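Pasted below: input.csv, CSV, C-alpha atoms.
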chain,number,residue,atom,x,y,z
Y,1,MET,CA,86.8,121.3,131.8
Y,2,GLU,CA,85.6,123.1,134.9
Y,3,SER,CA,87.4,126.4,135.4
Y,4,TRP,CA,88.2,128.6,138.4
Y,5,ASP,CA,90.1,131.8,139.0
Y,6,VAL,CA,92.0,130.4,142.0
Y,7,VAL,CA,92.3,126.8,143.2
Y,8,VAL,CA,93.8,126.2,146.7
Y,9,VAL,CA,95.3,122.8,147.4
Y,10,GLY,CA,95.0,122.0,151.1
Y,11,ALA,CA,92.3,123.3,153.6
Y,12,GLY,CA,94.4,123.7,156.7
Y,13,PRO,CA,95.0,127.2,158.2
Y,14,ALA,CA,97.1,128.3,155.2
Y,15,GLY,CA,94.7,127.0,152.6
Y,16,SER,CA,91.5,128.2,154.2
Y,17,SER,CA,93.1,131.6,154.8
Y,18,ALA,CA,94.1,131.7,151.2
Y,19,ALA,CA,90.6,130.7,150.0
Y,20,TYR,CA,89.0,133.3,152.2
Y,21,ALA,CA,91.4,136.1,151.0
Y,22,ALA,CA,91.1,135.2,147.3
Y,23,THR,CA,87.3,135.1,147.6
Y,24,ARG,CA,87.1,138.4,149.3
Y,25,ALA,CA,89.4,139.8,146.6
Y,26,GLY,CA,86.7,138.8,144.0
Y,27,ALA,CA,88.1,135.5,142.7
Y,28,ARG,CA,86.0,132.5,142.0
Y,29,THR,CA,87.8,130.1,144.4
Y,30,LEU,CA,87.9,126.4,144.9
Y,31,VAL,CA,89.7,124.8,147.8
Y,32,VAL,CA,90.3,121.0,147.9
Y,33,ASP,CA,91.8,118.7,150.5
Y,34,ARG,CA,92.4,115.0,150.6
Y,35,ALA,CA,90.9,114.6,154.1
Y,36,SER,CA,87.3,114.8,155.1
Y,37,PHE,CA,86.6,117.5,157.7
Y,38,PRO,CA,86.7,117.7,160.6
Y,39,ARG,CA,89.9,115.7,160.9
Y,40,TYR,CA,92.5,115.2,163.6
Y,41,LYS,CA,95.8,117.1,163.2
Y,42,THR,CA,99.0,116.7,165.2
Y,43,CYS,CA,99.5,120.1,166.7
Y,44,GLY,CA,99.8,121.8,170.1
Y,45,GLY,CA,96.9,124.1,169.1
Y,46,GLY,CA,98.2,127.3,170.7
Y,47,LEU,CA,97.2,130.5,168.9
Y,48,VAL,CA,99.6,133.4,169.6
Y,49,GLY,CA,98.7,137.0,169.2
Y,50,ALA,CA,100.0,137.2,165.6
Y,51,THR,CA,97.6,134.4,164.6
Y,52,LEU,CA,94.6,135.9,166.2
Y,53,ALA,CA,95.3,139.3,164.6
Y,54,ALA,CA,95.5,137.7,161.1
Y,55,LEU,CA,92.3,135.7,161.3
Y,56,PRO,CA,89.0,137.0,159.8
Y,57,ALA,CA,87.6,139.6,162.3
Y,58,ASP,CA,84.2,137.8,162.4
Y,59,LEU,CA,85.6,134.3,162.8
Y,60,ASP,CA,84.1,132.5,165.9
Y,61,VAL,CA,87.3,130.9,167.1
Y,62,PRO,CA,86.4,127.7,169.0
Y,63,VAL,CA,88.7,128.4,172.0
Y,64,ARG,CA,89.0,125.5,174.5
Y,65,ASP,CA,91.0,127.4,177.1
Y,66,ARG,CA,93.0,130.6,177.5
Y,67,VAL,CA,96.5,130.3,179.0
Y,68,SER,CA,97.5,132.9,181.5
Y,69,ALA,CA,100.2,131.0,183.4
Y,70,ALA,CA,103.3,129.1,182.2
Y,71,THR,CA,105.4,126.6,184.1
Y,72,PHE,CA,109.0,126.1,182.9
Y,73,THR,CA,111.5,123.3,183.7
Y,74,ARG,CA,114.9,122.2,182.6
Y,75,GLN,CA,114.8,118.4,182.2
Y,76,GLY,CA,112.2,118.3,184.9
Y,77,ARG,CA,114.1,120.5,187.4
Y,78,ARG,CA,114.4,124.2,188.2
Y,79,GLU,CA,110.6,124.6,188.1
Y,80,VAL,CA,109.3,128.2,187.8
Y,81,THR,CA,105.8,129.4,187.1
Y,82,LYS,CA,105.2,132.8,185.6
Y,83,ARG,CA,101.8,134.6,185.2
Y,84,SER,CA,100.3,137.2,182.9
Y,85,VAL,CA,97.2,139.3,183.4
Y,86,THR,CA,96.5,139.1,179.7
Y,87,PRO,CA,96.1,135.5,178.3
Y,88,LEU,CA,99.3,134.4,176.5
Y,89,LEU,CA,97.6,131.8,174.2
Y,90,ALA,CA,94.2,130.8,173.0
Y,91,MET,CA,94.0,127.0,173.0
Y,92,VAL,CA,92.1,125.2,170.2
Y,93,ASN,CA,91.4,121.7,169.1
Y,94,ARG,CA,92.9,121.7,165.6
Y,95,ALA,CA,90.0,119.7,164.1
Y,96,GLU,CA,87.5,122.3,165.4
Y,97,PHE,CA,89.7,125.3,164.5
Y,98,ASP,CA,90.5,124.1,160.9
Y,99,ASP,CA,86.8,123.2,160.3
Y,100,ALA,CA,85.7,126.6,161.5
Y,101,LEU,CA,88.2,128.5,159.3
Y,102,LEU,CA,87.2,126.4,156.3
Y,103,ARG,CA,83.5,127.1,156.9
Y,104,ARG,CA,84.3,130.8,157.1
Y,105,ALA,CA,85.9,130.7,153.7
Y,106,VAL,CA,82.9,128.9,152.3
Y,107,ASP,CA,80.5,131.4,153.9
Y,108,ALA,CA,82.6,134.1,152.1
Y,109,GLY,CA,81.9,132.5,148.8
Y,110,ALA,CA,84.6,129.8,148.2
Y,111,GLU,CA,83.6,126.3,147.3
Y,112,ALA,CA,85.2,123.5,149.3
Y,113,ARG,CA,85.6,119.9,148.2
Y,114,THR,CA,87.1,117.5,150.7
Y,115,GLY,CA,88.2,113.9,150.2
Y,116,VAL,CA,89.9,115.0,147.0
Y,117,ALA,CA,93.6,113.9,146.7
Y,118,VAL,CA,95.4,116.1,144.1
Y,119,THR,CA,97.9,114.1,142.1
Y,120,SER,CA,99.6,116.9,140.1
Y,121,VAL,CA,99.5,120.5,139.2
Y,122,ASP,CA,100.4,121.0,135.5
Y,123,GLU,CA,100.8,124.3,133.7
Y,124,ASP,CA,100.1,124.9,130.0
Y,125,ALA,CA,99.5,127.8,127.7
Y,126,ALA,CA,96.0,128.2,128.9
Y,127,GLY,CA,96.7,128.2,132.6
Y,128,ILE,CA,97.0,125.4,135.1
Y,129,VAL,CA,95.3,122.0,135.3
Y,130,VAL,CA,94.9,120.6,138.9
Y,131,ARG,CA,94.6,116.8,138.5
Y,132,SER,CA,93.0,114.4,141.0
Y,133,ARG,CA,91.4,111.0,140.9
Y,134,ASP,CA,88.0,112.8,141.2
Y,135,GLY,CA,88.6,114.7,138.0
Y,136,ASP,CA,90.6,117.6,136.7
Y,137,VAL,CA,89.9,121.3,137.0
Y,138,ARG,CA,91.5,124.3,135.4
Y,139,ALA,CA,92.8,127.4,137.3
Y,140,ARG,CA,94.2,130.7,136.5
Y,141,PHE,CA,96.3,130.6,139.6
Y,142,VAL,CA,97.0,128.0,142.3
Y,143,VAL,CA,97.9,128.3,146.0
Y,144,GLY,CA,99.7,125.2,147.3
Y,145,ALA,CA,98.9,124.8,151.0
Y,146,ASP,CA,99.0,121.0,151.3
Y,147,GLY,CA,101.3,120.7,154.3
Y,148,SER,CA,104.9,119.6,155.0
Y,149,ALA,CA,104.6,116.6,152.7
Y,150,SER,CA,103.3,118.9,149.9
Y,151,ARG,CA,103.0,117.5,146.4
Y,152,THR,CA,102.9,121.0,145.0
Y,153,ALA,CA,106.1,121.9,146.9
Y,154,ARG,CA,107.9,119.0,145.4
Y,155,GLN,CA,106.9,120.1,141.9
Y,156,VAL,CA,108.0,123.7,142.6
Y,157,GLY,CA,111.3,122.5,144.1
Y,158,VAL,CA,111.2,123.7,147.8
Y,159,ARG,CA,114.4,123.1,149.7
Y,160,THR,CA,114.6,122.6,153.4
Y,161,GLU,CA,117.5,122.9,155.9
Y,162,GLN,CA,115.9,121.9,159.3
Y,163,VAL,CA,113.7,118.9,159.7
Y,164,ASP,CA,112.3,118.1,163.2
Y,165,LEU,CA,110.1,115.3,164.5
Y,166,GLY,CA,107.3,116.1,166.9
Y,167,LEU,CA,105.6,113.3,168.9
Y,168,GLU,CA,102.3,114.1,170.6
Y,169,LEU,CA,99.7,112.5,172.8
Y,170,GLU,CA,96.2,113.8,173.4
Y,171,VAL,CA,95.1,112.5,176.8
Y,172,GLU,CA,92.0,112.7,178.8
Y,173,ALA,CA,92.3,115.4,181.4
Y,174,GLY,CA,90.1,113.7,184.0
Y,175,GLU,CA,91.0,114.6,187.5
Y,176,HIS,CA,93.9,116.7,186.2
Y,177,ALA,CA,91.7,119.2,184.4
Y,178,ASP,CA,91.5,121.8,187.2
Y,179,ARG,CA,95.2,121.5,187.9
Y,180,TRP,CA,96.1,122.6,184.3
Y,181,ARG,CA,93.2,124.9,183.5
Y,182,GLY,CA,94.7,128.2,182.2
Y,183,ARG,CA,98.3,126.9,182.6
Y,184,MET,CA,100.7,125.5,180.1
Y,185,HIS,CA,104.0,123.6,180.8
Y,186,MET,CA,107.3,123.8,178.9
Y,187,ASP,CA,110.4,121.6,179.5
Y,188,TRP,CA,113.7,122.2,177.9
Y,189,GLY,CA,115.1,118.8,176.9
Y,190,ALA,CA,118.5,117.1,176.9
Y,191,ALA,CA,118.9,116.9,173.1
Y,192,PRO,CA,120.0,120.2,171.5
Y,193,GLY,CA,117.1,122.3,170.6
Y,194,SER,CA,114.5,119.9,172.1
Y,195,TYR,CA,111.6,120.7,174.3
Y,196,GLY,CA,108.4,119.3,175.6
Y,197,TRP,CA,105.0,121.0,176.1
Y,198,LEU,CA,101.7,120.5,177.8
Y,199,PHE,CA,98.7,122.5,176.6
Y,200,PRO,CA,95.3,122.4,178.3
Y,201,LYS,CA,92.1,122.1,176.3
Y,202,GLY,CA,89.3,121.6,178.7
Y,203,ASP,CA,88.5,117.9,179.0
Y,204,ARG,CA,91.8,116.9,177.3
Y,205,LEU,CA,95.5,117.8,177.5
Y,206,THR,CA,98.0,117.9,174.6
Y,207,VAL,CA,101.5,116.6,175.6
Y,208,GLY,CA,104.3,116.5,173.1
Y,209,VAL,CA,108.0,116.7,172.5
Y,210,ILE,CA,110.0,117.9,169.5
Y,211,ALA,CA,113.7,117.6,168.4
Y,212,ALA,CA,115.8,117.2,165.3
Y,213,LYS,CA,114.7,114.3,163.1
Y,214,GLY,CA,116.9,111.2,163.6
Y,215,GLY,CA,116.4,110.2,167.2
Y,216,ALA,CA,112.9,108.8,167.3
Y,217,GLY,CA,113.7,106.3,170.0
Y,218,GLU,CA,115.2,108.9,172.3
Y,219,GLN,CA,112.3,111.2,171.6
Y,220,ARG,CA,109.8,108.5,172.5
Y,221,ARG,CA,111.6,107.9,175.8
Y,222,TYR,CA,111.6,111.6,176.4
Y,223,LEU,CA,107.9,111.8,175.8
Y,224,GLU,CA,107.2,108.9,178.2
Y,225,GLU,CA,109.5,110.3,180.9
Y,226,TYR,CA,107.9,113.8,180.5
Y,227,LEU,CA,104.4,112.3,180.8
Y,228,GLY,CA,105.5,110.6,184.0
Y,229,ARG,CA,107.0,113.7,185.5
Y,230,LEU,CA,103.7,115.5,184.9
Y,231,GLY,CA,101.8,112.8,186.7
Y,232,LEU,CA,100.0,111.7,183.6
Y,233,ALA,CA,101.5,108.2,183.0
Y,234,GLY,CA,98.1,106.6,183.7
Y,235,ALA,CA,96.0,109.0,181.7
Y,236,ARG,CA,93.8,107.6,178.9
Y,237,VAL,CA,95.4,108.3,175.5
Y,238,LEU,CA,92.9,109.6,172.9
Y,239,HIS,CA,95.4,110.2,170.1
Y,240,ASP,CA,99.1,109.1,169.7
Y,241,SER,CA,100.7,110.8,166.6
Y,242,GLY,CA,103.8,112.2,165.1
Y,243,HIS,CA,104.6,114.9,162.6
Y,244,LEU,CA,107.6,116.3,160.7
Y,245,THR,CA,108.2,120.0,160.4
Y,246,ARG,CA,110.5,121.4,157.7
Y,247,CYS,CA,112.0,124.9,157.6
Y,248,ARG,CA,112.9,126.3,154.2
Y,249,THR,CA,116.3,127.4,153.2
Y,250,PRO,CA,116.6,131.2,152.8
Y,251,ASP,CA,116.8,130.8,149.0
Y,252,SER,CA,114.1,128.2,148.6
Y,253,PRO,CA,111.4,129.1,146.0
Y,254,LEU,CA,108.0,130.3,147.2
Y,255,GLY,CA,106.3,129.5,143.9
Y,256,GLY,CA,106.8,128.7,140.3
Y,257,GLY,CA,104.9,129.7,137.2
Y,258,ARG,CA,101.3,130.4,138.3
Y,259,VAL,CA,101.7,128.7,141.6
Y,260,LEU,CA,102.3,130.3,145.1
Y,261,LEU,CA,103.1,128.2,148.2
Y,262,ALA,CA,102.0,129.0,151.7
Y,263,GLY,CA,102.4,127.6,155.2
Y,264,ASP,CA,104.1,124.3,155.8
Y,265,ALA,CA,104.2,123.6,152.0
Y,266,ALA,CA,106.6,126.5,151.7
Y,267,GLY,CA,108.6,125.6,154.8
Y,268,LEU,CA,107.4,128.7,156.6
Y,269,LEU,CA,107.6,128.4,160.4
Y,270,ASP,CA,109.6,129.5,163.4
Y,271,PRO,CA,112.8,127.5,163.5
Y,272,TRP,CA,113.1,127.9,167.3
Y,273,MET,CA,109.7,127.0,168.7
Y,274,ARG,CA,108.5,125.4,165.5
Y,275,GLU,CA,105.3,127.4,165.7
Y,276,GLY,CA,103.6,127.3,162.3
Y,277,ILE,CA,100.0,128.4,162.6
Y,278,SER,CA,100.7,132.1,162.6
Y,279,PHE,CA,103.0,131.6,159.6
Y,280,ALA,CA,100.3,129.6,157.8
Y,281,VAL,CA,97.5,132.0,158.4
Y,282,ARG,CA,99.5,135.1,157.4
Y,283,SER,CA,101.2,133.5,154.3
Y,284,GLY,CA,97.9,132.0,153.2
Y,285,ALA,CA,96.1,135.3,153.4
Y,286,ALA,CA,98.9,137.0,151.4
Y,287,ALA,CA,99.1,134.2,148.8
Y,288,GLY,CA,95.3,134.2,148.3
Y,289,ARG,CA,95.1,137.9,147.9
Y,290,LEU,CA,97.9,138.0,145.3
Y,291,ALA,CA,96.7,134.9,143.5
Y,292,ALA,CA,93.3,136.6,143.0
Y,293,SER,CA,95.2,139.5,141.4
Y,294,GLY,CA,97.2,137.1,139.3
Y,295,ALA,CA,94.0,135.5,138.0
Y,296,ARG,CA,93.2,138.8,136.3
Y,297,SER,CA,96.7,139.4,135.0
Y,298,PRO,CA,99.0,137.7,132.4
Y,299,ASP,CA,102.0,138.7,134.5
Y,300,ALA,CA,102.6,135.7,136.7
Y,301,THR,CA,106.2,136.7,137.4
Y,302,GLY,CA,105.1,140.0,138.9
Y,303,VAL,CA,102.7,138.2,141.2
Y,304,ARG,CA,105.4,135.8,142.4
Y,305,THR,CA,107.8,138.7,142.9
Y,306,ALA,CA,105.3,140.6,145.0
Y,307,TYR,CA,104.7,137.5,147.2
Y,308,GLU,CA,108.4,136.9,147.6
Y,309,ARG,CA,109.0,140.5,148.6
Y,310,TRP,CA,106.2,140.2,151.2
Y,311,VAL,CA,107.6,137.0,152.7
Y,312,THR,CA,111.2,138.4,152.7
Y,313,GLY,CA,110.1,141.5,154.6
Y,314,THR,CA,108.0,139.6,157.2
Y,315,LEU,CA,108.1,135.9,157.7
Y,316,ALA,CA,111.6,135.3,156.3
Y,317,ALA,CA,112.9,138.0,158.6
Y,318,GLU,CA,111.2,136.2,161.6
Y,319,MET,CA,112.8,132.9,160.5
Y,320,THR,CA,116.3,134.4,160.3
Y,321,ALA,CA,115.9,135.7,163.9
Y,322,GLY,CA,114.4,132.4,165.0
Y,323,ARG,CA,117.5,130.6,163.7
Y,324,ALA,CA,119.7,132.9,165.9
Y,325,PHE,CA,117.6,132.2,169.0
Y,326,LEU,CA,117.6,128.4,168.2
Y,327,GLY,CA,121.4,128.5,168.0
Y,328,ALA,CA,121.6,130.1,171.4
Y,329,PHE,CA,119.0,127.6,172.8
Y,330,GLU,CA,120.8,124.6,171.4
Y,331,ARG,CA,124.1,125.6,173.0
Y,332,ARG,CA,123.0,127.1,176.3
Y,333,PRO,CA,119.5,125.9,177.2
Y,334,GLY,CA,120.2,126.4,180.9
Y,335,LEU,CA,121.1,130.0,180.4
Y,336,VAL,CA,118.0,130.5,178.2
Y,337,HIS,CA,115.9,129.0,181.0
Y,338,THR,CA,117.5,131.3,183.6
Y,339,VAL,CA,117.0,134.5,181.5
Y,340,LEU,CA,113.4,133.5,180.7
Y,341,THR,CA,112.4,132.7,184.3
Y,342,ARG,CA,114.6,134.8,186.5
Y,343,THR,CA,115.0,138.1,184.7
Y,344,PRO,CA,112.2,140.7,184.1
Y,345,VAL,CA,113.6,141.3,180.6
Y,346,GLY,CA,113.4,137.6,179.6
Y,347,TRP,CA,109.9,137.0,180.8
Y,348,ALA,CA,108.7,140.3,179.3
Y,349,ALA,CA,110.1,139.4,175.9
Y,350,PHE,CA,108.5,135.9,176.0
Y,351,ARG,CA,105.2,137.4,177.1
Y,352,ARG,CA,105.2,140.1,174.4
Y,353,MET,CA,106.1,137.5,171.8
Y,354,CYS,CA,103.1,135.4,172.7
Y,355,LEU,CA,100.8,138.4,172.7
Y,356,GLY,CA,102.0,139.5,169.3
Y,357,ALA,CA,103.3,142.8,170.8
Y,358,THR,CA,106.8,142.2,169.4
Y,359,THR,CA,108.6,139.9,167.0
Y,360,LEU,CA,111.9,138.1,167.1
Y,361,PRO,CA,113.6,140.5,164.7
Y,362,SER,CA,112.5,143.4,166.9
Y,363,LEU,CA,113.9,141.7,169.9
Y,364,LEU,CA,117.2,141.2,168.1
Y,365,GLY,CA,117.2,144.9,167.4
Y,366,HIS,CA,117.8,145.6,171.0
Y,367,ARG,CA,121.5,145.7,171.8
Y,368,THR,CA,121.2,143.8,175.1
Y,369,VAL,CA,119.2,141.0,173.6
Y,370,ARG,CA,121.5,140.8,170.5
Y,371,LEU,CA,124.6,140.5,172.7
Y,372,GLY,CA,123.0,138.0,175.0
Y,373,VAL,CA,122.0,135.8,172.0
Y,374,ALA,CA,125.5,136.0,170.6
Y,375,ALA,CA,127.0,135.1,173.9
Y,376,ALA,CA,124.7,132.2,174.4
Y,377,GLY,CA,125.5,131.0,170.9
Y,378,LEU,CA,129.1,130.5,171.8
Y,379,ARG,CA,129.9,126.9,172.7
Y,380,ARG,CA,130.9,126.2,176.3
Before we go any further, please render this structure as C-alpha cells.
Amino acid sequence: MESWDVVVVGAGPAGSSAAYAATRAGARTLVVDRASFPRYKTCGGGLVGATLAALPADLDVPVRDRVSAATFTRQGRREVTKRSVTPLLAMVNRAEFDDALLRRAVDAGAEARTGVAVTSVDEDAAGIVVRSRDGDVRARFVVGADGSASRTARQVGVRTEQVDLGLELEVEAGEHADRWRGRMHMDWGAAPGSYGWLFPKGDRLTVGVIAAKGGAGEQRRYLEEYLGRLGLAGARVLHDSGHLTRCRTPDSPLGGGRVLLAGDAAGLLDPWMREGISFAVRSGAAAGRLAASGARSPDATGVRTAYERWVTGTLAAEMTAGRAFLGAFERRPGLVHTVLTRTPVGWAAFRRMCLGATTLPSLLGHRTVRLGVAAAGLRR
C-alpha cells in the first residue's frame, strides 16, 4: 500500500496550510480533497491581519479589493461610515484563494489529489489507513481538515455547542461597483446574534446574513430585505448558497490516536463574527508542523498534547473571549452599534482587531472593555 508521512484530508485553508507546514518540516505529504479545484466556497472572503500574517510569506494572495471604509447599520437604520488609512481587510474570491494556497503547498513539495472522497480513517498497529473509493493509502499521521461536515471529526468525536446558518449571494456588481469599491457594509439584525454583510470583490459583491440555526425562513427574508435596502434587489445572482458553522465546546477533542483536527473540522472559529479563515490557516499550520514531528516519533500522545496546548493558549482563548462578546451583542446590539460607531475606543478596537494589532482576549484584559462587555451582557 502506498505510504506517506502525513496525509491531510481536505484542501481548504486549513488543509493546504497543514500540507505546506508539514512539507516544509520535512514530511512526505499528501493532501486530498473530494472537490476538484478551483471550486466555489460559501464565504465572505475577508482576510483579516491575523490571516495575512499566518500565510506563507511568498504566497501571491489573489486580492480582489482592499477595504478601507466600513458602513454600519442597525436593522437598516442609524447608518454610520468609518474610515481607516490602513486597509482593514483584503478581499478574496475563495475559489481563487484556496487554489493559490493549495498550489503553494504543491510547489513546496506536497502532492495533491482532488476529486478524492475519503470514506474513513482507520488506525492499526502499523499506523493509519486513509480509505477512499479511489484506493487506500497509509500514513504515519493524519490532519483532518475536511470542513464543518468533517468525516474525520465524527470519528474523533468532536462536540459543538453553537451552530449557525449563513446564507449568501454572490451578485454581479455592475453599476454598483464604484459605489462599493473599498467599502464594506455590516448590518446588525433583529434576531439575537445575527448580522448581515456586504463585501466588495471587484466585478462582484458578496452579500450574506448569519444567525443561529433554526430560523431558515426568517433568515431568507432578512437576506432579501437586506439586499433590497442596499439597492441590489435587481442585481444578477451568480451564486446562491448556504453553510453551517459549528463552534466546538471547550472540552471537545482536537484529535485522537495519530489524527489532529484543524479549522472547521475541529470547530475552531470566532463565535461572535463567525470568522474562520484565520483560525483555519493558523491551526492548519500548527497541526501540519506537529504532524510532521509525529511522523518521526512513536509518541502520538505527546504530539496531540503539544497541539492541544497550542490551541488552548491561542485559538481557544480567542473563542472564549468571542463568546463573551457574542453574549453582549445578543443582548444589547444597539449598545454595541453605538460603542462601535460613536466612540473612539470602540472604533479603534474594531480597527485593531481587523488589522491583527490586537485580539479579543487582549481587549477583555482592559478594565473598561471588560466592564462594558459585562454590562452589555445583562438582560434589559
**Asked** Which one of Y:Glu172, Y:Glu318, Y:Asp124, Y:Glu224 sits closest to Leu360 (chain Y) if you count only C-alpha atoms?
**Response**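 Among the listed residues, Y:Glu318 lies closest to Leu360 (chain Y).
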**Asked** What gap, in Å, lies between CA of Asp60 (chain Y) and CA of Met91 (chain Y)?
**Response**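 Separation of CA of Asp60 (chain Y) and CA of Met91 (chain Y): 13.4 Å.
Put simply, CA of Thr29 (chain Y) is 12.3 Å away from CA of Ser293 (chain Y).
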Which region 40-95 of chain Y residues have any atom within 9 Å of an atom of region 334-355 of chain Y, and for each, what is the nearest pair of atoms with distance in Å to one decimal, counting all atoms listed in the file, rows sorted by chain and number, as JSON lines?
{"residue": "Y:Leu47", "atom": "CA", "partner": "Y:Cys354", "partner_atom": "CA", "distance": 8.6}
{"residue": "Y:Val48", "atom": "CA", "partner": "Y:Cys354", "partner_atom": "CA", "distance": 5.1}
{"residue": "Y:Gly49", "atom": "CA", "partner": "Y:Leu355", "partner_atom": "CA", "distance": 4.3}
{"residue": "Y:Ala50", "atom": "CA", "partner": "Y:Leu355", "partner_atom": "CA", "distance": 7.2}
{"residue": "Y:Phe72", "atom": "CA", "partner": "Y:Thr341", "partner_atom": "CA", "distance": 7.6}
{"residue": "Y:Thr73", "atom": "CA", "partner": "Y:His337", "partner_atom": "CA", "distance": 7.7}
{"residue": "Y:Arg74", "atom": "CA", "partner": "Y:Gly334", "partner_atom": "CA", "distance": 7.0}
{"residue": "Y:Arg78", "atom": "CA", "partner": "Y:His337", "partner_atom": "CA", "distance": 8.8}
{"residue": "Y:Val80", "atom": "CA", "partner": "Y:Thr341", "partner_atom": "CA", "distance": 6.5}
{"residue": "Y:Thr81", "atom": "CA", "partner": "Y:Thr341", "partner_atom": "CA", "distance": 7.9}
{"residue": "Y:Lys82", "atom": "CA", "partner": "Y:Thr341", "partner_atom": "CA", "distance": 7.3}
{"residue": "Y:Ser84", "atom": "CA", "partner": "Y:Arg351", "partner_atom": "CA", "distance": 7.6}
{"residue": "Y:Thr86", "atom": "CA", "partner": "Y:Leu355", "partner_atom": "CA", "distance": 8.2}
{"residue": "Y:Pro87", "atom": "CA", "partner": "Y:Leu355", "partner_atom": "CA", "distance": 7.9}
{"residue": "Y:Leu88", "atom": "CA", "partner": "Y:Cys354", "partner_atom": "CA", "distance": 5.5}
{"residue": "Y:Leu89", "atom": "CA", "partner": "Y:Cys354", "partner_atom": "CA", "distance": 6.7}
**Prompt:** Counting only C-alpha atoms, which of Y:Arg159, Y:Arg28, Y:Arg282, Y:Arg331 gets nearest to Thr249 (chain Y)?
**Reply:**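 That would be Y:Arg159, the residue with the smallest distance to Thr249 (chain Y).
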**Request:** List the neighbours of region 311-317 of chain Y out to 9 Å using all atoms listed in the file; skip same-chain residues closer than 4 positions along the sequence, and give me the result as a PyMOL selection string.
**Result:** chain Y and resi 250+254+268-270+279+282-283+286+306-307+321-322+360-361
**Message:** If I take CA of Ala18 (chain Y) and CA of Val32 (chain Y), how far is one from the other in Å, to one decimal?
**Reply:** 11.8 Å
Would you tabulate, counting only C-alpha atoms, all residues of region 238-301 of chain Y that have an atom at most 10 Å from an atom of region 180-196 of chain Y, showing the closest pair of atoms and their distance in Å to one decimal, sorted by chain then ascending number, as CSV?
residue,atom,partner,partner_atom,distance
Y:Pro271,CA,Y:Gly193,CA,9.8
Y:Trp272,CA,Y:Gly193,CA,7.6
Y:Met273,CA,Y:Tyr195,CA,8.6
With the cut-off set at 8 Å and counting all atoms listed in the file, tabulate each residue of region 197-292 of chain Y with an atom at most that distance from an atom of region 150-153 of chain Y, showing the nearest atom pair and its distance in Å to one decimal, ordered by chain and increasing number, as JSON lines.
{"residue": "Y:Leu261", "atom": "CA", "partner": "Y:Ala153", "partner_atom": "CA", "distance": 7.1}
{"residue": "Y:Ala265", "atom": "CA", "partner": "Y:Ser150", "partner_atom": "CA", "distance": 5.2}
{"residue": "Y:Ala266", "atom": "CA", "partner": "Y:Ala153", "partner_atom": "CA", "distance": 6.7}
8 Å contact set for Ala173 (chain Y), only C-alpha atoms, chain neighbours under 2 positions out, as a JSON list (two decimals) with C-alpha atoms, in the coordinates of the input:
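The result, stored in around31.json:
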[["chain", "number", "residue", "atom", "x", "y", "z"],
["Y", 171, "VAL", "CA", 95.10, 112.50, 176.80],
["Y", 175, "GLU", "CA", 91.00, 114.60, 187.50],
["Y", 176, "HIS", "CA", 93.90, 116.70, 186.20],
["Y", 177, "ALA", "CA", 91.70, 119.20, 184.40],
["Y", 202, "GLY", "CA", 89.30, 121.60, 178.70],
["Y", 203, "ASP", "CA", 88.50, 117.90, 179.00],
["Y", 204, "ARG", "CA", 91.80, 116.90, 177.30],
["Y", 205, "LEU", "CA", 95.50, 117.80, 177.50],
["Y", 235, "ALA", "CA", 96.00, 109.00, 181.70]]
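Among the candidates Y:Asp65, Y:Glu79, Y:Asp58, Y:Glu170, the residue lying nearest to Gly46 (chain Y) is Y:Asp65 (atoms considered: only C-alpha atoms).
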May I have a table of the residues of region 14-131 of chain Y lying at most 12 Å from region 135-142 of chain Y, giving each one's closest pair of atoms and their distance in Å to one decimal, counting all atoms listed in the file, ordered by chain and ascending residue number, as a tab-separated table?
residue	atom	partner	partner_atom	distance
Y:Gly15	CA	Y:Val142	CA	10.6
Y:Ala18	CA	Y:Val142	CA	10.1
Y:Ala19	CA	Y:Val142	CA	10.4
Y:Ala22	CA	Y:Phe141	CA	10.4
Y:Ala27	CA	Y:Arg140	CA	9.9
Y:Arg28	CA	Y:Ala139	CA	9.7
Y:Thr29	CA	Y:Ala139	CA	9.1
Y:Leu30	CA	Y:Ala139	CA	9.1
Y:Val31	CA	Y:Val142	CA	9.7
Y:Val32	CA	Y:Val137	CA	10.9
Y:Arg113	CA	Y:Gly135	CA	11.8
Y:Val116	CA	Y:Gly135	CA	9.1
Y:Ala117	CA	Y:Gly135	CA	10.1
Y:Val118	CA	Y:Asp136	CA	8.9
Y:Thr119	CA	Y:Asp136	CA	9.7
Y:Ser120	CA	Y:Asp136	CA	9.6
Y:Val121	CA	Y:Val142	CA	8.5
Y:Asp122	CA	Y:Arg138	CA	9.5
Y:Glu123	CA	Y:Ala139	CA	9.3
Y:Asp124	CA	Y:Arg138	CA	10.2
Y:Ala125	CA	Y:Arg140	CA	10.7
Y:Ala126	CA	Y:Arg140	CA	8.2
Y:Gly127	CA	Y:Arg140	CA	5.3
Y:Ile128	CA	Y:Ala139	CA	5.1
Y:Val129	CA	Y:Arg138	CA	4.4
Y:Val130	CA	Y:Val137	CA	5.4
Y:Arg131	CA	Y:Asp136	CA	4.5
**Request:** With only C-alpha atoms counted, which protein, DNA or RNA residues have an atom no more than 8 Å from (114.2, 121.8, 162.1) in the file frame? Please answer as a PyMOL selection string.
**Result:** chain Y and resi 161-164+211-213+245-247+271+274
**Request:** Just give me the residues with any atom within 12 Å of (89.3, 137.2, 151.0), file coordinates, counting all atoms listed in the file, written as a PyMOL selection string.
**Result:** chain Y and resi 6+15-29+54-57+104-110+284-293
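Among the candidates Y:Pro200, Y:Gly157, Y:Gly228, Y:Gly76, the residue lying nearest to Asn93 (chain Y) is Y:Pro200 (atoms considered: all atoms listed in the file).
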Residues within 6 Å of region 145-147 of chain Y, all atoms listed in the file, excluding chain neighbours under 4 positions, as a compact mmCIF listing (two decimals) with C-alpha atoms, in the coordinates of the input:
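Listing of result.txt after writing:
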# COMPACT_ATOMS: atom_id res chain seq x y z
CA VAL Y 9 95.30 122.80 147.40
CA GLY Y 10 95.00 122.00 151.10
CA ALA Y 14 97.10 128.30 155.20
CA GLY Y 15 94.70 127.00 152.60
CA ALA Y 262 102.00 129.00 151.70
CA ASP Y 264 104.10 124.30 155.80
CA ALA Y 265 104.20 123.60 152.00
**Message:** Just checking: using all atoms listed in the file, which residue out of Y:Pro298, Y:Gly166, Y:Gly44, Y:Gly174 ends up closest to Arg220 (chain Y)?
**Reply:**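 Closest to Arg220 (chain Y) of all the choices is Y:Gly166.
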